[in-house]
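Enquirer: This one is target-v3.cif, mmCIF, C-alpha atoms.
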data_final
loop_
_atom_site.label_atom_id
_atom_site.label_comp_id
_atom_site.auth_asym_id
_atom_site.auth_seq_id
_atom_site.Cartn_x
_atom_site.Cartn_y
_atom_site.Cartn_z
CA MET A 962 -45.19 16.14 -22.47
CA ALA A 963 -44.80 13.66 -25.30
CA GLY A 964 -45.81 14.14 -28.89
CA THR A 965 -45.14 13.46 -32.52
CA ILE A 966 -43.90 15.73 -35.26
CA ALA A 967 -44.68 14.53 -38.77
CA ALA A 968 -42.67 16.16 -41.54
CA ASP A 969 -41.29 15.01 -44.87
CA THR A 970 -38.93 17.96 -45.40
CA LEU A 971 -36.87 20.23 -43.16
CA THR A 972 -36.24 23.68 -44.56
CA HIS A 973 -33.65 26.19 -43.35
CA SER A 974 -34.09 29.87 -44.14
CA THR A 975 -30.72 30.13 -45.93
CA ALA A 976 -29.23 26.62 -46.22
CA GLY A 977 -31.97 24.93 -48.26
CA SER A 978 -34.09 21.84 -47.67
CA LEU A 979 -33.49 18.24 -46.70
CA THR A 980 -35.93 15.34 -46.69
CA THR A 981 -36.33 13.73 -43.29
CA ASP A 982 -35.23 10.38 -44.80
CA TYR A 983 -31.64 11.63 -44.46
CA VAL A 984 -32.17 12.41 -40.79
CA VAL A 985 -33.95 9.14 -39.95
CA ASN A 986 -31.86 6.81 -42.12
CA GLY A 987 -28.55 8.64 -42.12
CA SER A 988 -28.03 9.32 -38.41
CA ALA A 989 -25.94 7.14 -36.14
CA LYS A 990 -28.23 4.86 -34.13
CA ALA A 991 -25.53 4.23 -31.50
CA TRP A 992 -22.04 5.49 -30.74
CA ALA A 993 -19.44 5.24 -27.99
CA ASN A 994 -16.09 6.65 -26.92
CA THR A 995 -14.51 3.75 -25.04
CA ASN A 996 -11.42 3.17 -22.90
CA MET A 997 -10.47 -0.52 -23.09
CA SER A 998 -7.53 -0.30 -20.66
CA GLY A 999 -7.92 -1.24 -17.01
CA THR A 1000 -11.60 -1.45 -16.12
CA GLN A 1001 -13.29 -0.94 -19.49
CA ALA A 1002 -15.67 2.01 -19.58
CA ASN A 1003 -17.35 4.37 -22.01
CA ARG A 1004 -16.39 8.01 -21.62
CA ASP A 1005 -19.64 8.91 -23.37
CA SER A 1006 -22.16 7.02 -25.47
CA PHE A 1007 -25.59 6.98 -27.09
CA ASN A 1008 -27.93 3.95 -27.18
CA ILE A 1009 -25.40 1.79 -25.30
CA ALA A 1010 -26.76 -0.23 -22.36
CA SER A 1011 -23.62 -2.01 -21.19
CA ILE A 1012 -20.00 -2.85 -21.87
CA THR A 1013 -18.42 -6.31 -21.56
CA ASP A 1014 -14.68 -6.89 -21.24
CA GLY A 1015 -13.94 -10.04 -23.21
CA GLY A 1016 -10.30 -10.20 -22.16
CA SER A 1017 -7.24 -8.48 -23.52
CA GLY A 1018 -8.16 -6.47 -26.62
CA VAL A 1019 -11.83 -7.51 -26.75
CA THR A 1020 -14.85 -5.30 -26.05
CA THR A 1021 -18.57 -5.86 -26.60
CA LEU A 1022 -21.19 -3.14 -26.33
CA ALA A 1023 -24.90 -3.95 -25.95
CA PHE A 1024 -27.56 -1.65 -27.39
CA THR A 1025 -30.24 -0.04 -25.24
CA ASN A 1026 -32.59 -0.20 -28.25
CA SER A 1027 -31.86 -3.14 -30.58
CA MET A 1028 -31.15 -2.84 -34.25
CA ASN A 1029 -33.50 -4.41 -36.82
CA ASN A 1030 -30.92 -7.13 -37.59
CA GLY A 1031 -27.15 -7.66 -37.59
CA ASN A 1032 -26.65 -6.19 -41.08
CA TYR A 1033 -25.93 -2.62 -39.99
CA SER A 1034 -22.78 -0.66 -40.72
CA SER A 1035 -20.23 -0.38 -37.93
CA VAL A 1036 -17.31 2.04 -38.07
CA ALA A 1037 -14.44 2.63 -35.65
CA GLU A 1038 -11.50 4.92 -35.08
CA ARG A 1039 -8.70 4.09 -32.71
CA GLY A 1040 -6.41 6.38 -30.82
CA THR A 1041 -4.19 6.37 -27.82
CA THR A 1042 -3.17 8.48 -24.89
CA ASN A 1043 0.43 7.21 -25.04
CA THR A 1044 3.06 6.49 -27.69
CA THR A 1045 1.84 3.00 -28.63
CA ALA A 1046 0.08 2.65 -31.99
CA TYR A 1047 -3.03 0.46 -32.31
CA GLU A 1048 -5.42 -0.98 -34.87
CA ILE A 1049 -9.07 -2.06 -34.51
CA SER A 1050 -10.86 -5.02 -36.07
CA LEU A 1051 -14.63 -4.47 -36.17
CA PRO A 1052 -16.63 -6.67 -35.92
CA TYR A 1053 -14.49 -9.05 -33.91
CA ASN A 1054 -14.54 -12.85 -34.20
CA THR A 1055 -18.32 -13.22 -34.65
CA ALA A 1056 -20.91 -11.38 -36.69
CA ASN A 1057 -22.70 -8.38 -35.23
CA THR A 1058 -26.13 -9.14 -33.77
CA SER A 1059 -29.23 -6.99 -33.41
CA SER A 1060 -28.48 -6.55 -29.70
CA GLN A 1061 -24.70 -5.98 -29.58
CA TYR A 1062 -21.44 -5.41 -31.45
CA SER A 1063 -17.81 -6.07 -30.60
CA TRP A 1064 -14.30 -5.26 -31.70
CA ASN A 1065 -10.72 -6.34 -31.14
CA GLY A 1066 -7.76 -4.06 -30.46
CA PHE A 1067 -4.30 -4.95 -31.76
CA SER A 1068 -0.81 -3.54 -31.55
CA VAL A 1069 -0.03 -1.69 -34.78
CA THR A 1070 1.71 -4.73 -36.25
CA TYR A 1071 -1.31 -6.99 -35.49
CA GLY A 1072 1.23 -9.05 -33.56
CA ALA A 1073 -0.75 -9.12 -30.33
CA VAL A 1074 -4.16 -8.21 -28.99
CA ALA A 1075 -4.11 -5.04 -26.91
CA ASP A 1076 -6.41 -2.82 -24.88
CA VAL A 1077 -6.69 0.49 -26.71
CA THR A 1078 -7.07 3.63 -24.59
CA VAL A 1079 -9.33 5.52 -27.02
CA VAL A 1080 -11.81 3.79 -29.36
CA SER A 1081 -14.66 5.67 -31.04
CA THR A 1082 -17.37 3.56 -32.68
CA ALA A 1083 -20.63 4.37 -34.47
CA ILE A 1084 -23.49 2.22 -35.76
CA PHE A 1085 -25.65 3.09 -38.78
CA GLY A 1086 -28.74 1.13 -39.81
CA ASP A 1087 -32.38 0.57 -38.86
CA LEU A 1088 -33.59 0.27 -35.29
CA ALA A 1089 -35.99 -2.58 -34.53
#
Taking this structure as input, can you express it in the form of structure tokens?
Expert:
Amino acid sequence: MAGTIAADTLTHSTAGSLTTDYVVNGSAKAWANTNMSGTQANRDSFNIASITDGGSGVTTLAFTNSMNNGNYSSVAERGTTNTTAYEISLPYNTANTSSQYSWNGFSVTYGAVADVTVVSTAIFGDLA
């Protein structure tokens, strides 16, 4: 069964009210927890159709549902499952597009590109 709920405000019995603009405009429109090492794969994701390995340290994720344009906000957090420290450059090399975004992993000194074992990314903006 499909339907529509139209509401301008959400009200909680003890926590107060919130306009639905915050929910619609303030929620992540896509996110992913990605492993770049070996065969690149997402551990979990939302609104991500595919992953492309662009070579050492380069990953591109395509949206299932496109963004309105490439002017959305992209955020990332890097981690590791070993003792090597990493950094992330997001977006990587080219501007984000309405259909995909990419990033580059580096060793902590930015001395060399590197596949990062844990990368969490999120996209905020308007869907098309």
Enquirer: In Å, how far is it from CA of Tyr1033 (chain A) to CA of Phe1085 (chain A)?
Expert: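 Answer for the CA of Tyr1033 (chain A) to CA of Phe1085 (chain A) separation: 5.8 Å.
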Enquirer: Let me know the residues the PyMOL selection byres ((chain A and resi 1005) around 6) catches in the file above, as a CSV table (one decimal) with C-alpha atoms, in the frame of the given file.
Expert:
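What ended up in expr.csv:
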chain,number,residue,atom,x,y,z
A,993,ALA,CA,-19.4,5.2,-28.0
A,994,ASN,CA,-16.1,6.6,-26.9
A,1003,ASN,CA,-17.4,4.4,-22.0
A,1004,ARG,CA,-16.4,8.0,-21.6
A,1006,SER,CA,-22.2,7.0,-25.5
Enquirer: May I ask which of the residues A:Ala1089, A:Ala1083, A:Val1036, A:Val1019 is the closest one to Asn1065 (chain A), counting only C-alpha atoms?
Expert: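 Result for the nearest residue to Asn1065 (chain A): A:Val1019.
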Enquirer: Near Ile1009 (chain A), counting all atoms listed in the file, which residues have an atom at most 6 Å away, once you skip same-chain residues fewer than 2 positions from it, shown as a list in words?
Expert: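 Using all atoms listed in the file, the neighbours found are Phe1007, Ser1011, Ala1023, Phe1024 and Thr1025 of chain A.
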Enquirer: Could you give me, as a list of chain:residue names, the residues within 8 Å of Ser1050 (chain A), counting all atoms listed in the file and dropping anything in the same chain fewer than 3 positions from it?
Expert: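 What passes the distance filter is A:Tyr1053, A:Trp1064, A:Asn1065, A:Gly1066, A:Phe1067.
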Enquirer: Calculated over all atoms listed in the file, which of the candidates A:Ala1002, A:Ala989, A:Leu979, A:Ile1049 has the smallest distance to Leu1022 (chain A)?
Expert: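 Nearest candidate to Leu1022 (chain A) out of A:Ala1002, A:Ala989, A:Leu979, A:Ile1049: A:Ala1002.
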Enquirer: What would the selection look like, as a short mmCIF file (atom, residue, chain, number, x, y, z; two decimals) with C-alpha atoms, in the coordinates of the input, if the PyMOL selection byres ((chain A and resi 970) around 12) were run on the coordinates I just shared?
Expert:
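The resulting expr34.cif:
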data_model
loop_
_atom_site.label_atom_id
_atom_site.label_comp_id
_atom_site.auth_asym_id
_atom_site.auth_seq_id
_atom_site.Cartn_x
_atom_site.Cartn_y
_atom_site.Cartn_z
CA ILE A 966 -43.90 15.73 -35.26
CA ALA A 967 -44.68 14.53 -38.77
CA ALA A 968 -42.67 16.16 -41.54
CA ASP A 969 -41.29 15.01 -44.87
CA LEU A 971 -36.87 20.23 -43.16
CA THR A 972 -36.24 23.68 -44.56
CA HIS A 973 -33.65 26.19 -43.35
CA GLY A 977 -31.97 24.93 -48.26
CA SER A 978 -34.09 21.84 -47.67
CA LEU A 979 -33.49 18.24 -46.70
CA THR A 980 -35.93 15.34 -46.69
CA THR A 981 -36.33 13.73 -43.29
CA ASP A 982 -35.23 10.38 -44.80
CA TYR A 983 -31.64 11.63 -44.46
CA VAL A 984 -32.17 12.41 -40.79
CA VAL A 985 -33.95 9.14 -39.95
#
Enquirer: Counting only C-alpha atoms, which of A:Val1074, A:Ala1056, A:Met997, A:Val1079 gets nearest to Gly1031 (chain A)?
Expert: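 Residue with the minimum atom-to-atom distance to Gly1031 (chain A): A:Ala1056.
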Enquirer: For each of A:Ser974, A:Ser998, A:Ser1081, A:Asn1030, take the minimum atom-to-atom distance to Ser1017 (chain A), counting only C-alpha atoms, then give the residue where this is smallest.
Expert: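 Closest to Ser1017 (chain A) of all the choices is A:Ser998.
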Enquirer: I need the output of the PyMOL selection byres ((chain A and resi 1068) around 12) for this file as a PyMOL selection string; which residues are they?
Expert: chain A and resi 1017-1018+1039-1041+1044-1050+1065-1067+1069-1078
Enquirer: Go ahead and dump the residues you just picked, C-alpha atoms, as a short mmCIF file (atom, residue, chain, number, x, y, z; two decimals), in the frame of the given file.
Expert:
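Below you can see again-v6.cif, which holds the result:
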data_model
loop_
_atom_site.label_atom_id
_atom_site.label_comp_id
_atom_site.auth_asym_id
_atom_site.auth_seq_id
_atom_site.Cartn_x
_atom_site.Cartn_y
_atom_site.Cartn_z
CA SER A 1017 -7.24 -8.48 -23.52
CA GLY A 1018 -8.16 -6.47 -26.62
CA ARG A 1039 -8.70 4.09 -32.71
CA GLY A 1040 -6.41 6.38 -30.82
CA THR A 1041 -4.19 6.37 -27.82
CA THR A 1044 3.06 6.49 -27.69
CA THR A 1045 1.84 3.00 -28.63
CA ALA A 1046 0.08 2.65 -31.99
CA TYR A 1047 -3.03 0.46 -32.31
CA GLU A 1048 -5.42 -0.98 -34.87
CA ILE A 1049 -9.07 -2.06 -34.51
CA SER A 1050 -10.86 -5.02 -36.07
CA ASN A 1065 -10.72 -6.34 -31.14
CA GLY A 1066 -7.76 -4.06 -30.46
CA PHE A 1067 -4.30 -4.95 -31.76
CA VAL A 1069 -0.03 -1.69 -34.78
CA THR A 1070 1.71 -4.73 -36.25
CA TYR A 1071 -1.31 -6.99 -35.49
CA GLY A 1072 1.23 -9.05 -33.56
CA ALA A 1073 -0.75 -9.12 -30.33
CA VAL A 1074 -4.16 -8.21 -28.99
CA ALA A 1075 -4.11 -5.04 -26.91
CA ASP A 1076 -6.41 -2.82 -24.88
CA VAL A 1077 -6.69 0.49 -26.71
CA THR A 1078 -7.07 3.63 -24.59
#
Enquirer: Distance CA of Thr1020 (chain A)-CA of Gln1001 (chain A), one decimal place?
Expert: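 That distance, rounded to one decimal, is 8.0 Å.
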Enquirer: Which residue is closest to Tyr1062 (chain A)? Choose from A:Ala976, A:Ala991, A:Ala963, A:Leu1088 and count all atoms listed in the file.
Expert: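 Using all atoms listed in the file, Tyr1062 (chain A) sits closest to A:Ala991.
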Enquirer: State, in Å with one decimal place, the distance from CA of Gly999 (chain A) to CA of Thr1058 (chain A).
Expert: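 Interatomic distance here is 26.0 Å.
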Enquirer: Closest to Gln1061 (chain A) among A:Ala1037, A:Thr1021, A:Asn1029, A:Thr1082, using all atoms listed in the file?
Expert: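 Closest residue, counting all atoms listed in the file: A:Thr1021.
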